[in-house]
Amino acid sequence: MSVMDYFRRSPAARRTALISPAVGLIVFFMVVPLGLMLVYSFLQRATYGGVIWQVSFESYIQFLFERDLDDSLLFNSAYLQIYGRSFILAGITTLLCVVIGFPTALYLVQQPERRRNILMFLVTIPFWTNLLVRTYAWILLLRREGLVDFGLEWLGITQEPLGLLYSDTANLIGLVYSFVPFMVLPIYSSLEKLDFRLVEAAYDLGATRLTALRRVIVPLSMPGIAAGCILVFVPCLGAYVTPELLGGGKALMIGNLIQQQFGASQNWPFGAALSFALLAIVLFALVAYSLRFGRGALTEGR
Amino acid sequence: MRGNPLRHFPGTGTAAASFFVFLYAPVVVLIGLSFNSGRSSTLWEGFTFDWYGVVLDNPDILRAAKNSLIVGVIATVIATVFATIAAIGLDRARFRGMNAVNSVIALPLIVPEIVTAVATLIFFLSIGLKLGLGTVILAHVVFCIPFAYLPIKARLEGMPATFREAAADLYANEWQVFRRITLPLLWPGVIAGAMLAFITSLDDFVISYFVAGPGASTLPIYIFASLRMGVTPEVNAISSLMLVVSILFVSISAWIGRRSR
């Protein structure tokens with residue numbers, strides 16, 4: 001019996017053969033590495049990068065404590081603060097993205113089809129253009145005496161250059177800029193499914209625009225808003241490029257802290273532990289979302 | 001439908017307009033400045049193509065571009081082939097463990113880039129791989145698979161079973177059905193998937209930055225390194241080129257997808 005015959009007779013075998021290369025590759029080069037990363041976080045650091053294969057909880061202790069001269073542990077909140085900062089920055093970014101994204105999506109669904117298609121295409125283009133390059137464009141705009149300073153002075157809003165670059169503000173602008181399309185798309189697709197006769201019914205019952213918005217449109221587009229929040233919050237939390245380029249050394253986020261452990265600090269186990277903590281937070285957010293809004297809702301809302 | 005005043009929400013037009021300005025103004029400024037003859041990023045001193053000439057004369061940039069191209073092409077071909085056969089295997093399939101398979105394929109989209117970068121670096125070094133262009137290609141293949149997979153899967157789902165059934169009625173064997181019916185109909189999806197995989201590979205910075213060995217710098221790594229040195233018109237030009245290439249590719253990919261729907 002030839003191989004072809006075997007596959008013809010057994011659909012399950014054929015399916016396995018077809019799926020295995022892709023799945024096998026991702027398992028071997030992604031699932032296994034993630035497992036290894038967890039193992040590394042429990043090993044001892046070697047001085048010049050790499051690890052010593054000896055079990056150690058040092059990385060997790062280092063996250064919360066520092067060692068005093070006499071080897072006693074002192075509580076150290078520095079790393080916790082960076083996680084906290086990243087949460088706050090990611091949270092504010094998500095909020096700003098909702099504020100910008102919701103009315104934009106509401107506008108888009110009202111447009112005639114042709115125009116809507118063109119505008120939606122414009123929303124998706126940033127997904128496929130280089131984040132590094134798009135962030136770099138903001139360096140040009142935000143640097144001291146750059147176009148933003150120039151524009152604000154020309155309008156008479158400010159008298160002297162603000163020099164916004166390398167600040168939390170610059171970082172926030174960059175984060176919102178990077179991720180706001182992720183908010184518009186899912187909100188748009190849930191608004192598109194919304195039956196606008198319900199809104200008309202609300203008007204018939206004497207609702208004002210604001211009431212209709214608050215009591216009908218927003219609740220019905222909640223799955224989209226929540227999907228958008230996840231899609232913005234998750235990559236934002238792990239952002240590396242934006243804080244590195246726009247925040248300067250001052251606006252350190254989790255991503256930069258992790259990179260440092262593999263750069264200047266050469267503390268791989270600690271870097272692995274920090275990465276694992278980030279992954280755990282992200283997975284927790286995704287599980288919480290799918291428990292609330294149903295399995296697969298995230299990808300369908302996209 | 002149109003012009004129904006009840007459907008109109010005042011202020012959303014302004015919000016959408018500001019959104020698009022916010023999204024595209026930086027890109028327009030960047031491309032504009034790449035033609036500025038002066039070195040200033042504020043004052044316009046005249047139109048020039050000179051910086052593009054400087055870019056094309058810089059051997060480091062050319063080497064980085066060549067690396068990006070090699071990585072992009074190889075990663076795209078492998079990822080697209082694997083994604084295509086996986087999509088065909090999973091088409092209309094119902095079996096135990098299907099959710100697990102789907103989750104594995106989507107995994108590169110879920111895990112934060114920096115975490116993937118760390119895990120991949122640790123893995124490569126501990127199995128004794130030497131960091132270089134090869135490790136970059138390997139890492140890219142993995143995260144390109146879901147990008148290639150999604151449009152192919154969408155295309156398969158939208159394909160009516162009737163064509164294949166008709167072919168089978170006319171005594172085509174399974175291979176003939178695949179070769180003469182499924183593949184030609186699937187082709188636009190495969191092309192769209194390949195293009196998205198290619199752009200994703202071309203644009204990746206974080207993962208490449210971690211797993212590229214010496215001499216294996218891709219274009220984004222080169223740009224990042226030169227940004228550390230300061231802003232130059234040269235970087236404006238190379239960045240603009242990358243933006244234009246990406247936008248061109250997405251547009252073609254979208255156009256192919258639409259035309260053959």
# chains A, B, ... in the order shown; residues from 1 in each chain; ligands from 1
call {"tool": "select_by_dssp", "arguments": {"residues": "range 88-246 of chain B", "states": "helix (DSSP H, G or I)", "output": "ChimeraX atom specification"}}
result
/B:88-90,98-110,113-126,133-157,162-169,174-203,206-211,219-229,233-246
call {"tool": "interface_residues", "arguments": {"of": "chain B", "to": "chain A", "cutoff": "6 Å", "atoms": "only C-alpha atoms", "output": "MDAnalysis selection string"}}
result
chainID B and resid 12:13 15:16 26 30 42 82 85:86 89 112 115 119:120 123 142 203 239 243 246
call {"tool": "write_last_selection", "arguments": {"atoms": "C-alpha atoms", "output": "compact mmCIF listing (two decimals), in the first residue's frame"}}
result
# COMPACT_ATOMS: atom_id res chain seq x y z
CA THR B 12 -18.29 62.11 15.50
CA GLY B 13 -17.24 63.63 12.17
CA ALA B 15 -13.52 63.03 16.04
CA ALA B 16 -12.96 60.86 12.96
CA PRO B 26 3.44 62.03 11.27
CA LEU B 30 8.36 62.11 7.73
CA THR B 42 11.34 72.08 11.03
CA PHE B 82 3.19 25.50 6.07
CA ILE B 85 -1.23 22.99 4.05
CA ALA B 86 -2.31 23.47 7.67
CA GLY B 89 -5.89 20.15 6.80
CA PRO B 112 3.97 39.80 23.77
CA VAL B 115 8.52 37.67 25.73
CA ALA B 119 12.26 32.85 25.05
CA THR B 120 13.62 32.42 21.53
CA PHE B 123 16.25 28.55 23.43
CA VAL B 142 7.40 31.00 13.45
CA ASP B 203 8.71 45.24 9.94
CA SER B 239 12.32 55.18 6.84
CA LEU B 243 6.82 52.99 4.75
CA SER B 246 4.78 48.43 3.23
call {"tool": "atom_distance", "arguments": {"atom1": "CA of Ile137 in chain B", "atom2": "CA of Leu257 in chain A"}}
result
25.9 Å
call {"tool": "atom_distance", "arguments": {"atom1": "CA of Val244 in chain B", "atom2": "CA of Trp51 in chain B"}}
result
15.6 Å
call {"tool": "residues_around", "arguments": {"residues": "Leu191 in chain A", "least_positions_apart": "6", "cutoff": "8 Å", "atoms": "only C-alpha atoms", "output": "VMD selection string"}}
result
chain A and resid 105 to 106 109 217 220 to 221 224
call {"tool": "atom_distance", "arguments": {"atom1": "CA of Ile247 in chain B", "atom2": "CA of Met120 in chain A"}}
result
14.2 Å
call {"tool": "residues_around", "arguments": {"residues": "Leu62 in chain B", "least_positions_apart": "4", "cutoff": "12 Å", "atoms": "only C-alpha atoms", "output": "ChimeraX atom specification"}}
result
/B:53-58,66-69,217-219,222,238
call {"tool": "write_last_selection", "arguments": {"atoms": "N, CA and C atoms", "output": "CSV table (one decimal), in the first residue's frame"}}
result
chain,number,residue,atom,x,y,z
B,53,GLY,N,19.9,59.3,-2.6
B,53,GLY,CA,21.2,58.9,-3.2
B,53,GLY,C,22.2,58.5,-2.1
B,54,VAL,N,22.2,59.3,-1.0
B,54,VAL,CA,23.1,58.9,0.1
B,54,VAL,C,22.8,57.5,0.7
B,55,VAL,N,21.5,57.2,0.8
B,55,VAL,CA,21.0,55.9,1.3
B,55,VAL,C,21.5,54.8,0.4
B,56,LEU,N,21.4,55.0,-0.9
B,56,LEU,CA,21.8,54.0,-1.9
B,56,LEU,C,23.3,53.8,-2.0
B,57,ASP,N,24.0,54.8,-1.5
B,57,ASP,CA,25.5,54.7,-1.5
B,57,ASP,C,26.1,54.2,-0.2
B,58,ASN,N,25.2,54.0,0.8
B,58,ASN,CA,25.7,53.5,2.1
B,58,ASN,C,25.8,52.0,2.1
B,66,LYS,N,19.6,44.0,2.3
B,66,LYS,CA,19.8,42.7,1.7
B,66,LYS,C,19.4,41.6,2.7
B,67,ASN,N,19.9,41.8,4.0
B,67,ASN,CA,19.5,40.8,5.0
B,67,ASN,C,18.0,40.8,5.2
B,68,SER,N,17.4,42.0,5.3
B,68,SER,CA,15.9,42.0,5.5
B,68,SER,C,15.2,41.2,4.4
B,69,LEU,N,15.7,41.4,3.2
B,69,LEU,CA,15.1,40.8,2.0
B,69,LEU,C,15.3,39.3,2.0
B,217,SER,N,22.4,42.3,10.9
B,217,SER,CA,21.4,43.4,11.2
B,217,SER,C,20.4,43.5,10.0
B,218,THR,N,19.1,43.6,10.4
B,218,THR,CA,18.1,43.9,9.4
B,218,THR,C,17.9,45.4,9.3
B,219,LEU,N,17.1,45.9,8.4
B,219,LEU,CA,16.9,47.3,8.3
B,219,LEU,C,16.4,47.9,9.5
B,222,TYR,N,19.1,48.4,11.9
B,222,TYR,CA,20.0,49.5,11.4
B,222,TYR,C,19.4,50.8,11.8
B,238,ILE,N,15.5,56.5,4.5
B,238,ILE,CA,15.3,55.0,4.5
B,238,ILE,C,14.0,54.7,5.2
call {"tool": "decode", "arguments": {"residues": "range 214-230 of chain A", "atoms": "N, CA and C atoms", "output": "mmCIF file, in the first residue's frame"}}
result
data_model
loop_
_atom_site.group_PDB
_atom_site.id
_atom_site.type_symbol
_atom_site.label_atom_id
_atom_site.label_comp_id
_atom_site.auth_asym_id
_atom_site.auth_seq_id
_atom_site.Cartn_x
_atom_site.Cartn_y
_atom_site.Cartn_z
ATOM 1 N N ARG A 214 -26.057 56.196 25.488
ATOM 2 C CA ARG A 214 -25.631 55.639 26.771
ATOM 3 C C ARG A 214 -26.372 54.343 27.098
ATOM 4 N N ARG A 215 -27.647 54.282 26.742
ATOM 5 C CA ARG A 215 -28.454 53.141 27.158
ATOM 6 C C ARG A 215 -28.575 52.071 26.082
ATOM 7 N N VAL A 216 -28.361 52.415 24.812
ATOM 8 C CA VAL A 216 -28.534 51.415 23.750
ATOM 9 C C VAL A 216 -27.216 51.109 23.035
ATOM 10 N N ILE A 217 -26.603 52.144 22.480
ATOM 11 C CA ILE A 217 -25.447 51.894 21.602
ATOM 12 C C ILE A 217 -24.246 51.373 22.385
ATOM 13 N N VAL A 218 -23.899 52.074 23.461
ATOM 14 C CA VAL A 218 -22.709 51.652 24.219
ATOM 15 C C VAL A 218 -22.864 50.243 24.802
ATOM 16 N N PRO A 219 -24.003 49.932 25.457
ATOM 17 C CA PRO A 219 -24.117 48.565 25.999
ATOM 18 C C PRO A 219 -24.035 47.491 24.913
ATOM 19 N N LEU A 220 -24.656 47.760 23.742
ATOM 20 C CA LEU A 220 -24.657 46.742 22.695
ATOM 21 C C LEU A 220 -23.303 46.598 22.013
ATOM 22 N N SER A 221 -22.459 47.639 22.121
ATOM 23 C CA SER A 221 -21.151 47.499 21.480
ATOM 24 C C SER A 221 -20.078 47.149 22.508
ATOM 25 N N MET A 222 -20.527 46.794 23.718
ATOM 26 C CA MET A 222 -19.580 46.476 24.784
ATOM 27 C C MET A 222 -18.565 45.373 24.422
ATOM 28 N N PRO A 223 -19.000 44.282 23.762
ATOM 29 C CA PRO A 223 -17.997 43.263 23.405
ATOM 30 C C PRO A 223 -16.873 43.844 22.550
ATOM 31 N N GLY A 224 -17.226 44.716 21.624
ATOM 32 C CA GLY A 224 -16.214 45.348 20.777
ATOM 33 C C GLY A 224 -15.299 46.251 21.571
ATOM 34 N N ILE A 225 -15.897 47.038 22.473
ATOM 35 C CA ILE A 225 -15.088 47.941 23.294
ATOM 36 C C ILE A 225 -14.126 47.134 24.152
ATOM 37 N N ALA A 226 -14.632 46.046 24.748
ATOM 38 C CA ALA A 226 -13.782 45.219 25.609
ATOM 39 C C ALA A 226 -12.672 44.555 24.797
ATOM 40 N N ALA A 227 -13.013 44.056 23.589
ATOM 41 C CA ALA A 227 -11.990 43.443 22.744
ATOM 42 C C ALA A 227 -10.917 44.471 22.405
ATOM 43 N N GLY A 228 -11.356 45.680 22.078
ATOM 44 C CA GLY A 228 -10.412 46.754 21.776
ATOM 45 C C GLY A 228 -9.507 47.039 22.960
ATOM 46 N N CYS A 229 -10.100 47.063 24.161
ATOM 47 C CA CYS A 229 -9.299 47.341 25.358
ATOM 48 C C CYS A 229 -8.212 46.287 25.540
ATOM 49 N N ILE A 230 -8.577 45.006 25.324
ATOM 50 C CA ILE A 230 -7.577 43.942 25.450
ATOM 51 C C ILE A 230 -6.488 44.105 24.388
#
